[in-house]
Structure formats: structure tokens, C-alpha cells
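Down below is the structure, laid out as C-alpha cells.
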Amino acid sequence: MDDLLREFITETNESLDVVDVELVKFEQEPNNATILDNIFRLVHTIKGTCGFLGLPRLEGIAHAAETLMGKFRDGAPVTQEAVSLILISIDQIKEILNELESAEGEEPEGDDSELIGKLENMSAKADAAMAGGGEEEAPAAEAVEDAPAEEPAAAAAEVEPDINVPDQALERPLRPGEVSLDELERAFQETEIEVEVAEPELIDVDEAHDEVEDIEPEPAPAAAAPKAEAKAKTEVKDAKDPEKKKGGGVSNQSIRVAVDTLEHLMTMVSELVLTRNQLLEIVRRHEDSEFKVPLQRLSNVTAELQEGVMATRMQPIGNAWQKLPRIVRDLSQELEKPIDLEMIGADTELDRQVLEMIKDPLTHMVRNSADHGLERPEDRRAAGKPEKGTITLAAYHEGGHIIIEVRDDGKGIDVDRVKAKVVERGLASEAEVDKMTDAQIHKFIFAAGFSTAAKVTSVSGRGVGMDVVRNNIELIGGTVDLRSTAGKGSSFIIKIPLTLAIVSTLIVEASGDRFAIPQLSVVELVRVQTNSEHRIERIKDTPVLRLRNKLLPLVHLSQLLDIYEGEDVEKAIDSDNGFIVVMQVGSQTFGVVVDGVFHTEEIVVKPMSTMLRALDMFSGNTILGDGSVIMIIDPNGIASAMASHASSAVAENQEDEQEDLQRKAMTGQNAISLLLFRAGAPEPKAVPLSLVTRLEEFEVSKIERSNGRDLVQYRGALMPLVYVNEGDCHKTEGTQPMLVFSDAGRSMGLVVDEIVDIVEDRMNIEVGSERPGILGSAVVKERATEIIDLGFYLPQAFEDWFMRKEMDIASLTKKVLFVDDSSFFRNMLTPVLKAAGYDVTTCVGPQQAFELLENGDKFHAIVSDIEMPEINGFEFCESLRRDPRFRNIPVLALSSMVTPASIERGRQAGFDDYVAKFDRPGLIAALKDVFSGEMGAAA
Amino acid sequence: MSVLEHKLPDDQETASDMIQYVTVVIGGQLFGLPISQVHDVFVPESVTRVPKSAPEVQGVLNLRGRIVTAINMRRRLHLPPLKDGQMMAVGIEYKQESYGLVIDTVGEVLTLPSASAEPNPSNLDRRWAEISGGVHRLEGQLMVILDVDRLLGSMFTEPMAAA
């Protein structure tokens, strides 16, 4: 493609964008001659250049569009229909241009005769309307709307300039400065000037269309004259345009530079900045260097150069808004909502790259506001608001960022509907949603696949919108926030950095590595020291900082990044010493604890290699002054990691949480994972997940029948299948889900109808059961659920399940006393212990255990729960150890609360071992250990 | 992209059937990289580790102003880390980005006929077979051809970001 053509395409695209905007403006104020002039000139230039470059298709369309616009200039009424038609032509031109560009200058094949025909038709109609308006002594716009069809027709036949003189009410005020038009046109002008200005009103399209169509045949001869005029005028314009251009003068002071050139320049400057930083670093190390002064100069020059190059990349944000008036106009028609688009601060400048990136999100947000935000006119009226909705776009600088606001005066966000949707989509539970503030609810708008629009329209409602918007904005280091007042409207606030290329960062250290945190999100730095006013406090193990009457959740950077090298991550935060980087991301504020803070440094962000791009903790990396590579923290990634680490609502929930923790500690009722399934009956059944070895699905055809029972081949052995209710049978086709329980090389498959869910819940068996196989019923996930007794089913698979080991260690069978107040655990673990070959006696508490022991019952070991009423496990063990008779019995602690502290406490109390309640293999192993130790001692 | 990266480049075939390999040693095994893919050989120094990255990513480093992602080949091949001695690295380009393969030592350049390459033995460790483009029988030892595309390609767990 030659340069001329390339330049033509760039220039024309720019012109067309302007035409788009101007046309929409023109439609609203058809009397504004300046706007019309502007459009006319632009289209004319396009036409002229096309002819010059030999692009007949483009020229044809541009010519027809120009003719129609010429009619407007001559006073034809500006109809919505006509403007739409011109807009369509502009679109067509753009399309051809695009193809032209991709085809390297070949004008694409195609037929525009239909479009041109329409344009010509419209021109003819415009003529007719003009003529008709003259006869009717009425403002043209109204004339066409109101006048019966015959009248304009008649008028068209009798066109005479003199008659027109008093009647040409249809005209807009004329261009006073316009010169050198031909005589006929001047005559028209003179008549027009005398006429009072008509109220610019958009006429009803359909009606006007019909009427104009009626008069079409007649005005043909009359139309010829104005056409000629238009031609004449064009020629005059031709002469005028170059003059205007020269007169403008602006074009002489600016030159076109290819974006690539600028990009390259920018990269080079970035490198220069890096090199300067490197030099400064070296000089910093050598005190009295003679380089100091020249380097200072270099530094200043570099800074200025950087600023200068940045300035070349700056563009007014209005460029990104250019397409919006057109979009809003189209939407307004499509949705039948009158919409006003207000744009404030269009000259606010920002980096080209940033500009490109926010174009699409902005468009999407404006569409959203028009579609979801603004109500229908009738609803607006009912709410006492003006029928015409307003969407406001505002841009302004604030600190180092640009704030862009998209605001509508619509109905605001319906919190209840969002809530319902959140729950429906499973993004949060109802209970969680109820606790959230409105602002937190609003945030869900940005969740993936979320749309509250009841129905999908062509405009929006597909739910792929706002999350994409947020992603795009976050991609450029920006944030998006939402404020909404029911009934008043909502506003999206986008905060983006001025430029992407150079970022000011704070260099910090964590676990020996340095990281750069963008200053943008750093609110302040807090030094924590013994005796200083700030100190780190803890709620249970959660560290928080009291900062100006707010509680700030804290997390250590090395903990977030999984690079903590010490033993216990909880201890990463030293309560008496450290730096806290207070960060704000969106509305979330939190503290990141670091080991050291160095200095701030302007860095040039280099993108991460594709392989590492999936890490959301980092936004990029760069080379520091000392030549080493440093990772740049992505505040958004940190914020989301933080959210999973500590609740942002710490401050609000702190007391509840403490109570909750205490209660938990008291009852020892920690939530456990339960596997919910259905088998044989519709009501849910549950079994602790930790007891299940595997979940499997077998092809029904794999189920074999042998010796009167169902079996499958599983891992090289035959696995018997057991049914929950006797007489149940497996499915007849497809796959059969089952729960596999394995122990010491043997497996059993419990056939179930459906695996429902895995839930974390406290398990309180509230109603015991006499039915074999069922321990009782508990409330799980708000439903009564049967808890399965595994001990009943295991022997069904292998009758000797609980006996087989006794055979080989029959002489060694140990009597074990199992103390637990919870019947569930007694029922659950007794089979486990029996399966391991122990003779188990259970009792419900230390009291009963003491009675048994006092009665002379001998036990080889005692397994005791810790959390028990009256006497807890620690006390029980301590009193056992005090009694010389029982001093040497091995005692194992079994607890759902396994923390280093509690293990230590257990050791002090005299327990031989400490096992987590659901750690079955651990329990067996611990028992084996104590016995082997004992045997070793005995031998 | 070099023609050598394709298995059987047409023009290469007609010009000559010989391929030059830079040999490297990783955990005692000889590997060969097509010379056209090797940009430089360097000592990986001051590598910045990248938290949360794949275990085989040793980190990032500055190689003459470019940021290079260093991949520890021993970890990639599930070999124990090198006890002592200086590691070396081979700089390669993949999809316009620079990577450094951290290996034990760099050997000589061998010119081998492409026809003498044999497919991977079927019993080769699957993790090795994944990145091996075949085997050359040399005198006294075998040289495994490192397939850079497969080696790095398999590390992009997620689809490349559209951006």
C-alpha cells in the first residue's frame, strides 16, 4: 500500500469519527449551520480524495451522502430517517475503508446502488419537502408532518421562488459568513433570511415517509434545480476548502508520526531511564565521584525527555468517547428511551495505550447504563423524573490517576435482585448475603457470568459484561468501583494510572527477596515497634492492626507468596517489630507486613514471560538499578489473596468471632467434612468423608455376580458390593456410583444412588436410631440426614472384617478402653479399633472409666477424648498418672482440636500420644506404637 | 522461527541431512539442542525466584538487559538437585521470549545426520519422553534430543492470555 493511500485511510477514518459525532449533534440542533458546514466539508473532502485516488465505490456513496446533506443546507427538513441514512452511509464507507486497508489498497467488490438509490430518493424527498413547505407557509418540519399529502404535491408543481419568499419558514438560520454561492442559491438565501425560524422538531418518521412518498412523482422536475444548485455549491466549496485549511493553520504546526515510531521512542526512553537509575546507583556507592554533577544533568535531561515523550503519547480522553454519542443515539432508538449523553472533561489527557484499553470497557458501561440503568420513560414519569434519562461521562485528574465516571440517573441497582441472583448462582449463601453491606452486594455485579437483566436483549444482559470490564481495567492497573442509590441512579468510578510504561514503586523485602509494590495502591507505611503507638494485636491467630479507630487485617507478604522459610507461618509476623504497608484496592483496605522497606523507585514495567503470566500475584517484572530483576506485586492479586486469608469485615465481626471461637473451643464441635449421598430412599444420608477411601463409578457391565453376591474387579482384586438396604439392587445401565472403604488391603463398595455433596458441618446426632446401619439422624445443611454406621456394613462385605486380624494375633489381643462422651465417635471408632484386632470396651466418660478400672477390669491401653464435660481428657489422664495402679497404662489422647499447644498440653498431662479424631490410620499406628514399645520393655 | 524447529524441514533436507547439536549434560545424561535454537550460553547468576510459580521455574534473571526466565532442567526431569559445582544455562528463544535452561555443563557441538535419529524407546520414563524428540546413538553413549517446543509448550498450563 502506498503512503498516500495509508495516509488517506488514517485521515478519513478520523474524519468519519468526527462526522459521526457531529451528525448526532446536528440531529439534535438542526439549525446549527456550523455543525452542518463541518460535516459537509468533511464528507466533501472524503469524496474529493476518493475521486483522486480512484476509489469509485467510496466516491459514489460519499457523493450521494453529500448531495443529501446539501439538501439540508438548502433548507430541507432534517429528519431522523435522513440522518440515519447518512449514518448508514458513513458506516458503509468505514467498512469499505477497513477492507481497503486489509486488502492493501484494493477497493473491495460490492454494489452500493441500493444505498445510493436510497440516498438519492431521500434527496428527492428533501427537495419535495422543501418545495412543499414553501407552499404551505408552515415550518417545513411541521409541514411534512401535518400537511395532508395532496398539499405538498400540489405545491411541488407550482414552485416559484417569489412565492417561496414569505413562506420559507422551514429554514434554519443561514450562514451569515457564507460567500460566493451562485445566484439562484443566493436568491434562496435571501428569502430564507426573512423568514422566521421554525421550531426544530423531529418529525414522525413513518408519517413523513408516507407523505413524502406520495409526492414523489411530481417534484421530479422541480428537484432538478436544487440538485444543480447543490452541484454548484459543491464546486464553490471546492474552491473554499483549501483556503480554509490554510487559514486554520493548526495543521501546519502538527505532523503525523506513526505510532510505531512513538512506541519505539518510548521504549528507548524507558531503557534510558533504567540506565540512568543504574548509574545513579553506582554513584551512590562512590561518595565523591566526579561523575556526580554531569550525572545530575543527565538525570534531569532524562526526566525531561521522558516527560516529553510521554506527552506525545497523551491523547484527550474525548478520543475514546467519540463513538459514544452515536451509540447512545442508536440505543435510544432501539430501546425507545430518550437518552441524553453528557460528557465532561473530554480534554483530559491520558496515555494512548491506556486510552485504547478503556475504549471497550467504557462503551460497554455506557450500553449497560442505557439498558439496565435507565428506566423506561413511563417509569421515569411515574418516579417523578424527567422522561429523558441522562448518562454522564466525566473525566478528571486526581493525584497520579485519572478518574472516569460513568453515571446515570436511573433506578440504581436493585440490591434484592442482585442478592437473589447471587444466591441462585451459588456465589454466596443466603446467610452470607444477609450479612453483607449494600456496597458488598454491588460488587457482585462484577462477578463472572453475572447479569441482573431479566431478559437478554441485543444490547446487554448476556452476563459476560461487567466482569470483562473489570478484568480489562485491572489489566492496566486500574480499579473500578460502583456507587448506587436506589431510585437515584448508579455510577461506576474507574481509576486508572496516567501511563502504563513507568510506575513509581515501593521496594520492600520479605523472606530475603525484594518486591516492588506500586505506589498507586499504597496508602501509608506504618512502623511497628515495641512501645510505639501502633502494635499488632491478635484475635485468636489473626493478626490485626489498630489504626485510627479501624481494625486493619494483616498478613505477612511471605505468607501470601508462600515463601516463608520458618517453621510456623503464624509466627511470620513479629508483633514487636516490622513494617506494615497499608494498601487500598477498591474499597478493600488491608495491611501487608514486610521485613524491610528500602526506597521508592521509578521502574519500567516489563511484561512477564508468558509462562509466568498466570500468576496473579505479579503484574510484571523489571530490572532495578543494581541490575537485578525484581517482581512487581499486583495489588489486585494481593487483595484477592487477602480476601481468602482474612475477612475484610474483621472490624465488624470481631466480637462475634471471638465469641464464636470461644464457643467452639468450649464444645470442641468443630465442623467436619461429611459426604452426602442418597441410597435406597430419597432422604439424604451422610458419612464422615475421612472414613471414605474413594468415590468410584463403575460401568454397570463391570458388575459381576458370583457366589450369590455382586462383585467388581477393583485394583486387581474382587471387591464385594454392599447395599444400604437389603434387597436393593444396582442400576441396570450406565454407571454405578459407590463409596469405597478400604482397610488393610481389603475394599468394600457401598452402592449408592447418587453422591450429593460434600459439606462442612457440625455433626450432632440428635435422634439415635435402633435401625441397624444407621447411627442416628443429624441436621446437615438444614436437612435431617441419616448418619451411616459403617461398622454395620463392613462385616457384610467380609464376615471376618473385624475378626481376621485377631486370628493371627489372637494371643496378643489387647483390651482397649475407649472413653468418649459422643456416641457418634464411640460408634464410629469402635469398629475401627475392632477391625485392627483390639478388644474394645467403651464408656461415656472418665467417671465410668474410673468405675471400670476400680472394679478391677484390666486394660492394655486407654484411648480418651479430650473435650468432655465435667472431667476433661487432660484431667482424666493426670489423675490416672497419679494413681500408681494405672500409672503405666498407655493413654492416647483423641481430639478434634489438634494444635501444637494442645499437643504440648497433652504431653504434660501424661498422654503417650495425641491423635486427631478423624485420623484412623494414625490412631491404629499410635496404638501399635505404644504396644510395641511396651512389648519391647517387657522383653 | 527456525526451520530446524520443524521435524523434517523441506529445504533442510535438500541442502543437507546434517543437524548441528549443542550438547549439554543434565544429571549425567547427554542431551542435544539444535544449534539454531541456542542463542547463548551463560552462567545463571543472581536469579530472582518467582513465588508461586511452577517448581521447575528457577526464577528470572537479567541477561544483558533482557529478562530471562530460568528453567531448572534437573527439576524438569525429576532429577535430584546438583550438589556442588557451578550450574550453566543455555539461552533459547521461544515465541519471542527468552528462556534459560539451567543445566549441569555444556559440551561440544556435534554434527549428526538427521536420519540417524531414532524414536524414543517405548519404555522411556513418560516425563522424559514428553520432552524428548528422539535419540542419537553416539559412540559410547546416547544423546537425547531436547524438543524445546514440547519442553516449554507443556509448561504453559493455561491457555496463553489473549492480551
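Labels used: A, B, ... for chains in the order of the C-alpha cells, numbers from 1 for residues in each chain, and numbers from 1 for ligands as shown.
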
DSSP strand (DSSP E) residues within chain B, as a PyMOL selection string: chain B and resi 18-26+29-34+38-42+57-63+66-72+88-94+97-103+105-113+117-118+132-137+142-146

Interface list for chain B, partner chain A, 12 Å threshold, only C-alpha atoms, as a PyMOL selection string: chain B and resi 44-71+93-100+151-163

Chain B: residues DSSP assigns to helix (DSSP H, G or I), reported as a list in words: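 Across chain B, those assigned helix (DSSP H, G or I) are Val3, Leu4, Glu5, Asp10, Asp11, Gln12, Glu13, Thr14, Ala15, Ile35, Ser36, Gln37, Met73, Arg74, Arg75, Arg76, Ser114, Ala115, Ser116, Arg126, Arg127, Trp128, Ala129, Val148, Asp149, Arg150, Leu151, Leu152 and Gly153 of chain B.
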
Coordinates-based distance that separates CA of Met343 in chain A from CA of Leu393 in chain A (Å, one decimal): 4.8 Å

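Interatomic distance, CA of Asp865 in chain A to CA of Pro831 in chain A: 16.5 Å.
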
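Interatomic distance, CA of Phe741 in chain A to CA of Leu794 in chain A: 8.3 Å.
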
Selection near Asp125 in chain B, 12 Å with only C-alpha atoms, sequence-local residues under 6 positions removed, as a count of residues only: 4

Residues within 10 Å of Val106 in chain B, only C-alpha atoms, excluding chain neighbours under 3 positions, as a count of residues only: 16

Nearest to Pro108 in chain A, chosen from A:Arg705, A:Arg57, A:Arg885, A:Lys94, with only C-alpha atoms counted in the distances: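 Answer, going by the shortest atom-to-atom distance: A:Arg57.
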